[in-house]
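Text of input.cif (mmCIF, C-alpha atoms) as supplied:
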data_structure
#
loop_
_atom_site.label_atom_id
_atom_site.label_comp_id
_atom_site.auth_asym_id
_atom_site.auth_seq_id
_atom_site.Cartn_x
_atom_site.Cartn_y
_atom_site.Cartn_z
CA MET S 1 51.54 -97.44 168.79
CA THR S 2 49.76 -95.44 171.50
CA GLY S 3 47.53 -98.43 172.18
CA PHE S 4 50.53 -100.72 172.68
CA ARG S 5 52.12 -98.25 175.09
CA SER S 6 48.88 -98.04 177.05
CA LEU S 7 48.68 -101.82 177.26
CA SER S 8 52.27 -102.02 178.43
CA SER S 9 51.65 -99.35 181.07
CA GLY S 10 48.55 -101.20 182.22
CA LEU S 11 50.45 -104.46 182.61
CA ARG S 12 53.13 -102.72 184.67
CA ALA S 13 50.44 -101.23 186.89
CA VAL S 14 49.01 -104.63 187.82
CA GLN S 15 52.24 -106.60 188.10
CA PRO S 16 53.18 -107.79 191.62
CA ALA S 17 55.22 -105.33 193.67
CA ALA S 18 57.67 -108.18 194.27
CA PHE S 19 58.79 -107.91 190.64
CA GLY S 20 60.59 -104.76 191.74
CA ALA S 21 61.59 -102.04 189.28
CA ASP S 22 63.80 -101.81 186.22
CA PRO S 23 66.81 -99.48 186.44
CA SER S 24 66.33 -96.12 184.75
CA GLY S 25 67.81 -92.63 184.56
CA GLU S 26 71.30 -92.16 185.97
CA ARG S 27 71.30 -95.71 187.33
CA MET S 28 70.76 -97.08 183.82
CA ALA S 29 73.39 -94.71 182.44
CA ARG S 30 75.86 -96.06 184.96
CA ILE S 31 74.97 -99.62 183.98
CA ARG S 32 75.68 -98.82 180.32
CA ARG S 33 79.11 -97.49 181.32
CA SER S 34 80.02 -100.71 183.11
CA PRO S 35 82.77 -102.73 181.39
CA HIS S 36 80.67 -105.82 182.17
CA PHE S 37 77.61 -104.61 180.26
CA LYS S 38 77.61 -105.38 176.54
CA ASP S 39 74.99 -105.82 173.82
CA GLY S 40 72.26 -104.70 176.20
CA VAL S 41 72.94 -107.23 179.00
CA PHE S 42 75.44 -107.92 181.75
CA GLN S 43 78.10 -110.46 180.82
CA ASN S 44 79.62 -113.21 182.90
CA PRO S 45 83.36 -113.26 183.65
CA GLY S 46 85.38 -113.57 180.49
CA GLY S 47 82.78 -111.63 178.51
CA GLN S 48 80.39 -114.56 178.26
CA PRO S 49 76.71 -113.71 177.71
CA THR S 50 74.25 -114.88 180.32
CA ARG S 51 72.41 -118.18 179.80
CA VAL S 52 69.05 -118.12 181.52
CA ARG S 53 67.38 -121.29 180.23
CA PRO S 54 68.05 -124.92 181.22
CA ASP S 55 70.41 -126.79 178.93
CA ALA S 56 67.67 -129.24 177.87
CA SER S 57 64.17 -129.35 176.47
CA PRO S 58 61.20 -128.74 178.81
CA LEU S 59 60.16 -132.37 178.28
CA ASP S 60 63.56 -133.72 179.31
CA PHE S 61 63.55 -131.54 182.41
CA ALA S 62 59.97 -132.55 183.31
CA LYS S 63 60.88 -136.25 183.09
CA VAL S 64 63.60 -135.81 185.69
CA PHE S 65 61.75 -133.32 187.88
CA PHE S 66 58.62 -135.47 188.19
CA ASP S 67 60.42 -138.83 188.42
CA GLY S 68 58.59 -140.89 191.02
CA ASP S 69 61.69 -142.64 192.37
CA SER S 70 63.92 -139.60 192.95
CA ARG S 71 61.31 -137.00 193.88
CA PRO S 72 60.75 -138.23 197.48
CA ARG S 73 64.45 -137.74 198.24
CA ARG S 74 64.34 -134.04 197.34
CA ALA S 75 62.81 -133.17 200.71
CA PRO S 76 63.63 -134.35 204.24
CA GLU S 77 61.60 -137.22 205.73
CA GLY S 78 61.73 -135.76 209.21
CA ARG S 79 61.64 -132.32 210.76
CA ILE S 80 64.77 -130.24 210.15
CA PRO S 81 66.34 -129.44 213.54
CA VAL S 82 66.33 -125.64 213.74
CA HIS S 83 68.42 -124.14 216.52
CA PRO S 84 66.17 -121.90 218.66
CA THR S 85 68.36 -118.83 218.29
CA THR S 86 67.89 -116.36 221.14
CA LEU S 87 69.02 -112.86 221.94
CA ALA S 88 71.45 -114.42 224.40
CA ASP S 89 73.10 -116.32 221.53
CA LEU S 90 73.76 -113.10 219.69
CA SER S 91 74.29 -110.58 222.51
CA LYS S 92 77.53 -112.05 223.89
CA PRO S 93 80.49 -110.92 221.74
CA PRO S 94 82.31 -113.75 219.94
CA ALA S 95 85.49 -114.74 221.77
CA THR S 96 87.47 -114.77 218.52
CA GLY S 97 85.92 -111.59 217.12
CA LEU S 98 84.15 -113.47 214.30
CA ARG S 99 80.90 -115.43 214.48
CA LEU S 100 78.61 -116.72 211.74
CA THR S 101 74.97 -117.77 212.05
CA TRP S 102 73.51 -119.59 209.04
CA MET S 103 69.80 -118.81 209.00
CA GLY S 104 69.08 -121.22 206.13
CA HIS S 105 69.65 -121.16 202.36
CA SER S 106 72.07 -118.27 201.67
CA SER S 107 71.09 -116.08 204.63
CA VAL S 108 73.98 -115.61 207.06
CA LEU S 109 74.50 -113.19 209.92
CA ALA S 110 78.21 -112.38 210.22
CA GLU S 111 79.46 -110.65 213.36
CA ILE S 112 82.86 -109.18 212.57
CA ASP S 113 84.84 -107.35 215.25
CA GLY S 114 81.78 -105.70 216.75
CA ARG S 115 79.99 -105.06 213.44
CA ARG S 116 77.04 -107.01 212.05
CA VAL S 117 76.52 -107.97 208.39
CA LEU S 118 73.44 -109.79 207.10
CA PHE S 119 73.91 -111.59 203.79
CA ASP S 120 70.98 -112.35 201.45
CA PRO S 121 68.26 -112.23 204.11
CA VAL S 122 65.18 -114.24 203.08
CA TRP S 123 62.55 -114.57 205.79
CA GLY S 124 59.59 -115.15 203.45
CA GLU S 125 57.66 -118.42 203.33
CA ARG S 126 58.19 -118.80 199.58
CA CYS S 127 60.93 -117.68 197.20
CA SER S 128 58.37 -116.39 194.73
CA PRO S 129 56.54 -113.19 193.79
CA PHE S 130 53.29 -114.86 194.85
CA PRO S 131 52.27 -115.93 198.38
CA PHE S 132 50.34 -118.93 197.05
CA ALA S 133 52.85 -120.52 194.65
CA GLY S 134 56.54 -121.24 194.33
CA PRO S 135 59.11 -123.14 196.42
CA LYS S 136 58.09 -123.18 200.06
CA ARG S 137 60.30 -123.29 203.13
CA LEU S 138 61.26 -126.72 204.41
CA HIS S 139 61.97 -125.35 207.87
CA PRO S 140 60.87 -122.24 209.79
CA VAL S 141 63.15 -119.24 210.19
CA PRO S 142 65.24 -119.59 213.36
CA LEU S 143 64.00 -116.27 214.75
CA PRO S 144 61.94 -113.29 213.57
CA ILE S 145 63.81 -110.69 211.54
CA ALA S 146 63.09 -108.06 214.19
CA ALA S 147 64.73 -110.23 216.85
CA ILE S 148 68.14 -110.13 215.17
CA GLY S 149 68.74 -106.66 216.51
CA PRO S 150 70.63 -103.80 214.82
CA VAL S 151 72.48 -104.65 211.62
CA ASP S 152 75.20 -102.38 210.24
CA VAL S 153 74.90 -103.51 206.62
CA VAL S 154 72.70 -105.84 204.57
CA VAL S 155 74.52 -107.40 201.62
CA ILE S 156 72.58 -108.67 198.58
CA SER S 157 74.25 -110.92 195.99
CA HIS S 158 71.64 -110.64 193.20
CA ASP S 159 67.94 -110.19 192.59
CA HIS S 160 66.58 -113.75 192.38
CA TYR S 161 63.73 -114.47 194.77
CA ASP S 162 65.66 -116.87 196.96
CA HIS S 163 68.22 -114.11 197.67
CA LEU S 164 66.21 -110.88 197.50
CA ASP S 165 62.93 -111.15 199.38
CA MET S 166 60.61 -108.15 199.25
CA PRO S 167 58.89 -108.62 202.66
CA THR S 168 62.26 -108.98 204.36
CA ILE S 169 63.68 -105.89 202.65
CA LYS S 170 60.59 -103.88 203.58
CA ALA S 171 61.02 -104.91 207.21
CA LEU S 172 64.68 -103.86 207.15
CA ALA S 173 63.92 -100.63 205.28
CA GLY S 174 62.48 -99.24 208.49
CA THR S 175 65.79 -99.62 210.33
CA ASP S 176 69.02 -97.63 210.04
CA THR S 177 70.91 -100.34 208.17
CA VAL S 178 72.88 -99.67 204.98
CA PHE S 179 72.32 -101.91 201.94
CA ALA S 180 75.26 -103.00 199.77
CA VAL S 181 74.01 -104.34 196.43
CA PRO S 182 75.28 -105.07 192.91
CA LEU S 183 74.82 -102.48 190.18
CA GLY S 184 71.15 -102.04 189.21
CA VAL S 185 69.67 -103.91 192.19
CA GLY S 186 69.13 -100.62 194.01
CA ALA S 187 66.14 -99.96 191.74
CA HIS S 188 64.25 -102.80 193.42
CA LEU S 189 65.11 -101.60 196.91
CA GLU S 190 64.13 -97.99 196.25
CA HIS S 191 60.83 -99.29 194.81
CA TRP S 192 60.23 -101.03 198.14
CA GLY S 193 61.00 -98.02 200.32
CA VAL S 194 64.75 -98.08 200.96
CA PRO S 195 66.06 -94.47 200.87
CA ALA S 196 68.66 -93.82 198.18
CA ASP S 197 71.14 -92.46 200.74
CA ARG S 198 71.25 -95.87 202.44
CA LEU S 199 72.26 -97.70 199.25
CA ARG S 200 75.79 -98.62 198.25
CA GLU S 201 75.47 -99.89 194.68
CA LEU S 202 78.65 -101.45 193.30
CA ASP S 203 80.05 -102.86 190.09
CA TRP S 204 82.54 -105.72 190.26
CA HIS S 205 85.87 -104.71 191.82
CA GLU S 206 84.35 -101.65 193.50
CA SER S 207 84.50 -101.22 197.28
CA THR S 208 82.68 -99.22 199.93
CA GLN S 209 83.28 -98.53 203.61
CA VAL S 210 80.52 -99.13 206.15
CA ALA S 211 80.99 -98.94 209.91
CA GLY S 212 84.71 -99.64 209.65
CA LEU S 213 84.24 -102.62 207.32
CA THR S 214 85.37 -102.77 203.70
CA LEU S 215 82.87 -104.42 201.36
CA THR S 216 83.93 -105.34 197.83
CA ALA S 217 81.72 -106.68 195.05
CA THR S 218 83.61 -109.45 193.28
CA PRO S 219 82.73 -111.42 190.12
CA ALA S 220 80.41 -114.41 189.99
CA ARG S 221 79.10 -116.57 187.16
CA HIS S 222 75.33 -116.37 187.20
CA PHE S 223 72.43 -114.28 185.88
CA CYS S 224 69.62 -112.07 187.17
CA GLY S 225 65.94 -111.24 186.76
CA ARG S 226 62.66 -111.38 188.66
CA GLY S 227 60.04 -109.90 186.33
CA LEU S 228 58.27 -111.16 183.23
CA ARG S 229 60.72 -109.54 180.82
CA ASN S 230 63.95 -110.56 182.61
CA THR S 231 65.90 -107.65 181.13
CA GLN S 232 69.32 -108.71 182.53
CA HIS S 233 69.91 -105.13 183.63
CA THR S 234 70.96 -105.95 187.20
CA LEU S 235 74.34 -107.37 188.13
CA TRP S 236 75.09 -110.41 190.29
CA ALA S 237 78.11 -110.58 192.59
CA SER S 238 80.03 -112.40 195.24
CA TRP S 239 81.22 -110.33 198.20
CA VAL S 240 84.34 -109.85 200.28
CA VAL S 241 83.87 -108.24 203.70
CA SER S 242 86.92 -107.39 205.76
CA SER S 243 87.88 -105.65 208.96
CA ALA S 244 91.36 -104.97 210.29
CA GLU S 245 91.36 -108.45 211.81
CA HIS S 246 89.08 -110.73 209.75
CA ARG S 247 88.04 -111.48 206.19
CA VAL S 248 85.01 -113.44 204.97
CA TYR S 249 83.71 -114.32 201.51
CA HIS S 250 80.10 -114.92 200.41
CA SER S 251 79.72 -116.48 196.97
CA GLY S 252 76.11 -115.57 196.24
CA ASP S 253 75.05 -117.84 193.37
CA THR S 254 77.73 -118.84 190.91
CA GLY S 255 79.09 -121.52 188.68
CA TYR S 256 82.72 -122.51 189.02
CA PHE S 257 85.20 -120.30 187.15
CA ASP S 258 88.89 -119.41 187.31
CA GLY S 259 88.11 -116.06 188.91
CA PHE S 260 88.07 -117.62 192.38
CA LYS S 261 91.87 -117.79 192.21
CA ASP S 262 92.05 -114.09 191.36
CA ILE S 263 89.70 -113.18 194.23
CA GLY S 264 91.76 -115.26 196.63
CA ALA S 265 95.00 -113.68 195.45
CA ALA S 266 93.60 -110.15 195.79
CA PHE S 267 91.68 -110.48 199.07
CA GLY S 268 92.42 -113.80 200.74
CA PRO S 269 93.08 -115.89 202.59
CA PHE S 270 89.73 -115.87 204.36
CA ASP S 271 88.73 -116.84 207.87
CA ALA S 272 85.54 -118.28 206.39
CA THR S 273 84.08 -118.84 202.95
CA MET S 274 80.30 -119.12 202.56
CA ILE S 275 79.98 -121.16 199.37
CA GLN S 276 76.90 -121.95 197.28
CA LEU S 277 76.75 -125.69 196.69
CA GLY S 278 73.08 -126.55 196.30
CA ALA S 279 70.46 -126.41 193.52
CA TYR S 280 72.98 -127.69 190.99
CA SER S 281 71.93 -129.72 187.96
CA GLU S 282 73.24 -131.06 184.69
CA PHE S 283 70.55 -128.87 183.12
CA TRP S 284 72.31 -125.65 184.27
CA PRO S 285 75.96 -126.56 184.85
CA ASP S 286 77.32 -123.02 184.37
CA ILE S 287 75.43 -121.10 187.06
CA HIS S 288 75.48 -123.27 190.22
CA MET S 289 78.23 -125.37 191.76
CA THR S 290 78.34 -129.02 192.71
CA PRO S 291 79.98 -130.01 196.02
CA ASP S 292 83.19 -130.88 194.18
CA GLU S 293 83.27 -127.47 192.48
CA ALA S 294 82.45 -125.73 195.76
CA LEU S 295 85.42 -127.38 197.45
CA ARG S 296 87.65 -126.37 194.53
CA SER S 297 86.45 -122.79 194.80
CA HIS S 298 87.19 -122.73 198.55
CA LEU S 299 90.72 -123.97 197.90
CA ASP S 300 91.18 -121.42 195.11
CA LEU S 301 90.08 -118.65 197.47
CA GLN S 302 92.58 -119.86 200.06
CA GLY S 303 95.50 -119.98 197.66
CA GLY S 304 95.39 -123.78 197.53
CA ASP S 305 96.03 -124.15 201.27
CA ALA S 306 93.58 -126.70 202.70
CA GLY S 307 94.52 -125.73 206.24
CA ARG S 308 93.28 -122.16 205.97
CA GLY S 309 89.82 -121.00 206.93
CA VAL S 310 86.48 -122.73 207.26
CA LEU S 311 84.01 -123.68 204.53
CA LEU S 312 80.36 -122.99 205.36
CA PRO S 313 77.99 -124.65 202.86
CA ILE S 314 75.09 -122.38 201.87
CA HIS S 315 72.21 -122.47 199.36
CA TRP S 316 70.95 -125.86 200.47
CA GLY S 317 68.45 -127.32 202.93
CA THR S 318 65.76 -124.62 202.99
CA PHE S 319 64.11 -124.69 199.56
CA ASN S 320 63.67 -127.50 197.03
CA LEU S 321 65.09 -125.88 193.89
CA ALA S 322 66.66 -128.75 191.93
CA THR S 323 66.44 -132.48 191.31
CA HIS S 324 69.27 -133.69 193.55
CA PRO S 325 68.49 -135.34 196.92
CA TRP S 326 67.88 -132.87 199.73
CA ALA S 327 70.87 -133.89 201.86
CA GLU S 328 73.31 -134.51 199.01
CA PRO S 329 74.98 -131.06 199.00
CA ALA S 330 76.01 -131.21 202.67
CA GLU S 331 76.72 -134.95 202.66
CA GLN S 332 78.99 -134.92 199.62
CA THR S 333 80.76 -131.75 200.71
CA MET S 334 81.44 -133.30 204.11
CA LEU S 335 83.04 -136.36 202.51
CA LEU S 336 85.09 -134.33 200.05
CA ALA S 337 86.22 -131.78 202.64
CA HIS S 338 87.26 -134.51 205.08
CA LYS S 339 89.35 -136.22 202.42
CA ALA S 340 90.98 -132.94 201.37
CA GLY S 341 91.71 -131.87 204.94
CA VAL S 342 89.44 -128.81 204.70
CA ALA S 343 87.60 -127.61 207.81
CA MET S 344 83.85 -127.54 207.13
CA ALA S 345 81.18 -126.09 209.39
CA SER S 346 77.90 -127.99 209.70
CA PRO S 347 75.62 -125.84 211.87
CA ARG S 348 71.92 -126.40 212.08
CA PRO S 349 69.90 -123.43 210.83
CA GLY S 350 70.19 -120.67 213.42
CA GLU S 351 73.15 -122.20 215.27
CA PRO S 352 75.96 -119.65 215.77
CA PHE S 353 79.57 -120.77 215.49
CA GLU S 354 83.00 -119.16 215.45
CA PRO S 355 85.25 -120.11 212.52
CA GLY S 356 88.25 -119.79 214.85
CA ALA S 357 86.88 -122.63 216.98
CA VAL S 358 84.71 -124.62 214.57
CA PRO S 359 83.46 -127.91 216.05
CA VAL S 360 83.83 -131.35 214.48
CA VAL S 361 81.39 -131.89 211.60
CA ASP S 362 78.07 -133.29 212.77
CA PRO S 363 76.04 -134.79 209.90
CA TRP S 364 72.72 -133.90 211.51
CA TRP S 365 70.93 -134.14 208.16
CA ARG S 366 71.28 -137.94 208.18
CA ALA S 367 68.68 -138.19 210.94
CA VAL S 368 65.99 -136.49 208.85
CA ALA S 369 66.91 -137.44 205.26
CA LYS S 370 66.02 -140.52 203.27
CA ALA S 371 69.19 -142.60 203.25
CA PRO S 372 70.80 -143.55 199.91
CA ALA S 373 70.12 -147.07 198.64
CA GLY S 374 73.51 -148.30 199.86
CA GLY S 375 73.35 -146.46 203.18
CA TRP S 376 75.46 -143.55 204.35
CA GLU S 377 79.12 -143.57 203.35
CA ALA S 378 81.96 -143.81 205.80
CA LEU S 379 84.25 -140.81 206.00
CA PRO S 380 87.31 -141.42 203.81
CA THR S 381 90.73 -140.56 205.16
CA ALA S 382 93.17 -138.43 203.20
CA THR S 383 94.63 -141.66 201.80
CA GLY S 384 91.25 -142.93 200.69
CA GLU S 385 90.84 -145.61 203.39
CA PRO S 386 87.44 -145.43 205.13
CA GLU S 387 87.07 -144.61 208.79
CA ALA S 388 84.23 -145.77 210.99
CA VAL S 389 80.76 -144.95 209.72
CA LEU S 390 79.24 -141.93 211.43
CA GLU S 391 76.17 -142.47 213.54
CA GLY S 392 72.87 -141.12 212.27
#
For this file, produce the structure as structure tokens.
Amino acid sequence: MTGFRSLSSGLRAVQPAAFGADPSGERMARIRRSPHFKDGVFQNPGGQPTRVRPDASPLDFAKVFFDGDSRPRRAPEGRIPVHPTTLADLSKPPATGLRLTWMGHSSVLAEIDGRRVLFDPVWGERCSPFPFAGPKRLHPVPLPIAAIGPVDVVVISHDHYDHLDMPTIKALAGTDTVFAVPLGVGAHLEHWGVPADRLRELDWHESTQVAGLTLTATPARHFCGRGLRNTQHTLWASWVVSSAEHRVYHSGDTGYFDGFKDIGAAFGPFDATMIQLGAYSEFWPDIHMTPDEALRSHLDLQGGDAGRGVLLPIHWGTFNLATHPWAEPAEQTMLLAHKAGVAMASPRPGEPFEPGAVPVVDPWWRAVAKAPAGGWEALPTATGEPEAVLEG
């Protein structure tokens, strides 16, 4: 047995630092006390065990993933128009008190009544533990992480590589920012140099106060893991962030579930919802949302009122992580939101906007995406009759 322990220790010693660290000690004891931890793993809402493998055989998945007809549509044909975000963009206070800047994928800078929150910051070139392999960025970051300026709190939804990026965390570890993370994720951050006294590690339904903001970890339907063993010992979460004047919601990664209605009833309505609606697939229907499900979740969070708040699509456009066409998440959400009367934001990466004065949707992705076989759809009206086809 000693030999096996030595081998295991040796493997841990050579594993990439990006794998992070497994929870241990008091952190692991707290995990075991969580009502959401059962049979050695975290459970999804409703007590469901996590499902971490595609709902198909590897051969079936490979046939779709490497299909010669659909594969070219999974990346843009042209250059993604990144807004050249400047200090001037971010230094002037938002007129309405709330401004969001989508940096790509699920990374969003939220400026809320003079405070600054950075959700799921990923500035790395690949969402992978290795610099030479894994999904690579389809567009550059809008500005260097150091150019964002002081951030009051960094919020992490879960520990997958496209949401928790070691180089980015290490860069932020040298600042004064506080990190709000789901239960267990703090082990990774401490391993990368974040001091324990700057961590706020929460279970679902727990809240913390940072710089006058209230941050609450709320349920999501997903899973976790970034190492070889994938122990399922770190929680995943969506997040509610509120001030005295504004409330925003960030979904992290999640499948659709009835809990959105409960979150909306407890914390909504929201000025803006940042909703994951990319990297969906019939192979993993329970852990990511389609555009239709994303719209439903937004409405659930707003108590069914289509006229409340703004929907900001996230988790699309930056990395090729599924088999759907690159532009499909934004395109389909735009059509569905227009028909439902929901206000949707469509900023280019790095383009700040205020949910209180959101501009008309601009389908900028049409100019750089491969068009569908039948061309781009016209926007339907609420009655289902098409309007004029949008340019682009």
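Shortest separation to Ile31 of chain S among S:Ala146, S:Leu172, S:Leu235, S:Val122 occurs at residue S:Leu235, atoms counted being only C-alpha atoms.
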* By how many Å are atom CA of Met344 of chain S and atom CA of Leu312 of chain S apart? -> 6.0 Å
* Evaluate the PyMOL selection byres ((chain S and resi 182) around 6) on the structure here and hand back the selected residues as a list in words. => Val181, Leu183, Val185, Glu201, Leu202, Asp203, Leu235 and Trp236 of chain S
* Residues within 10 Å of His233 of chain S, all atoms listed in the file, excluding chain neighbours under 2 positions, as a PyMOL selection string -> chain S and resi 22-24+28+31-32+37+40-42+183-185+223-225+230-231+235-236
* Tell me which of S:Asp113, S:Asp197, S:Glu377, S:Glu26 sits closest to Thr96 of chain S, counting only C-alpha atoms. => S:Asp113
* Asked: the PyMOL selection byres ((chain S and resi 255-269) around 10) on the file shown: which residues, as a count of residues only?
  -> 51
Skipping near chain neighbours, those fewer than 5 positions away, what residues fall within 12 Å of Thr175 of chain S using all atoms listed in the file, listed as an mmCIF file with C-alpha atoms, in the coordinates of the input?
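New file selection-v3.cif:
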data_model
loop_
_atom_site.group_PDB
_atom_site.id
_atom_site.type_symbol
_atom_site.label_atom_id
_atom_site.label_comp_id
_atom_site.auth_asym_id
_atom_site.auth_seq_id
_atom_site.Cartn_x
_atom_site.Cartn_y
_atom_site.Cartn_z
ATOM 1 C CA ILE S 145 63.810 -110.690 211.540
ATOM 2 C CA ALA S 146 63.090 -108.060 214.190
ATOM 3 C CA ILE S 148 68.140 -110.130 215.170
ATOM 4 C CA GLY S 149 68.740 -106.660 216.510
ATOM 5 C CA PRO S 150 70.630 -103.800 214.820
ATOM 6 C CA VAL S 151 72.480 -104.650 211.620
ATOM 7 C CA ASP S 152 75.200 -102.380 210.240
ATOM 8 C CA VAL S 153 74.900 -103.510 206.620
ATOM 9 C CA VAL S 154 72.700 -105.840 204.570
ATOM 10 C CA THR S 168 62.260 -108.980 204.360
ATOM 11 C CA ILE S 169 63.680 -105.890 202.650
ATOM 12 C CA LYS S 170 60.590 -103.880 203.580
ATOM 13 C CA GLY S 193 61.000 -98.020 200.320
ATOM 14 C CA VAL S 194 64.750 -98.080 200.960
ATOM 15 C CA PRO S 195 66.060 -94.470 200.870
ATOM 16 C CA ARG S 198 71.250 -95.870 202.440
#
* Proximity to Asp162 of chain S - best of S:Pro352, S:Gly317, S:Pro131, S:Gly124, all atoms listed in the file ->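 Using all atoms listed in the file, Asp162 of chain S sits closest to S:Gly124.
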* Asked: Hey, can you check how far atom CA of Ala337 of chain S sits from atom CA of Gly278 of chain S?
  ->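 Computing the Euclidean distance for atom CA of Ala337 of chain S and atom CA of Gly278 of chain S yields 15.5 Å.
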* **Exercise: residues within 10 Å of coordinate (61.6, -104.2, 197.6), counting all atoms listed in the file, as a ChimeraX atom specification** => /S:17-21,164-171,173,185-194
* Reference answer for the PyMOL selection byres ((chain S and resi 76-82) around 6), as a PyMOL selection string -> chain S and resi 75+83+348-349+368-369
* **segment 140-144 of chain S surroundings by all atoms listed in the file, 6 Å radius, close-in-sequence under 4 positions cut, as number ranges by chain** => S: 84-85, 350
* Counting only C-alpha atoms, the option among S:His158, S:Arg74, S:His105, S:Arg30 closest to Met274 of chain S -> S:His105
* Asked: In Å, with one decimal, what is the gap from atom CA of Thr333 of chain S to atom CA of Pro313 of chain S?
  -> 7.9 Å
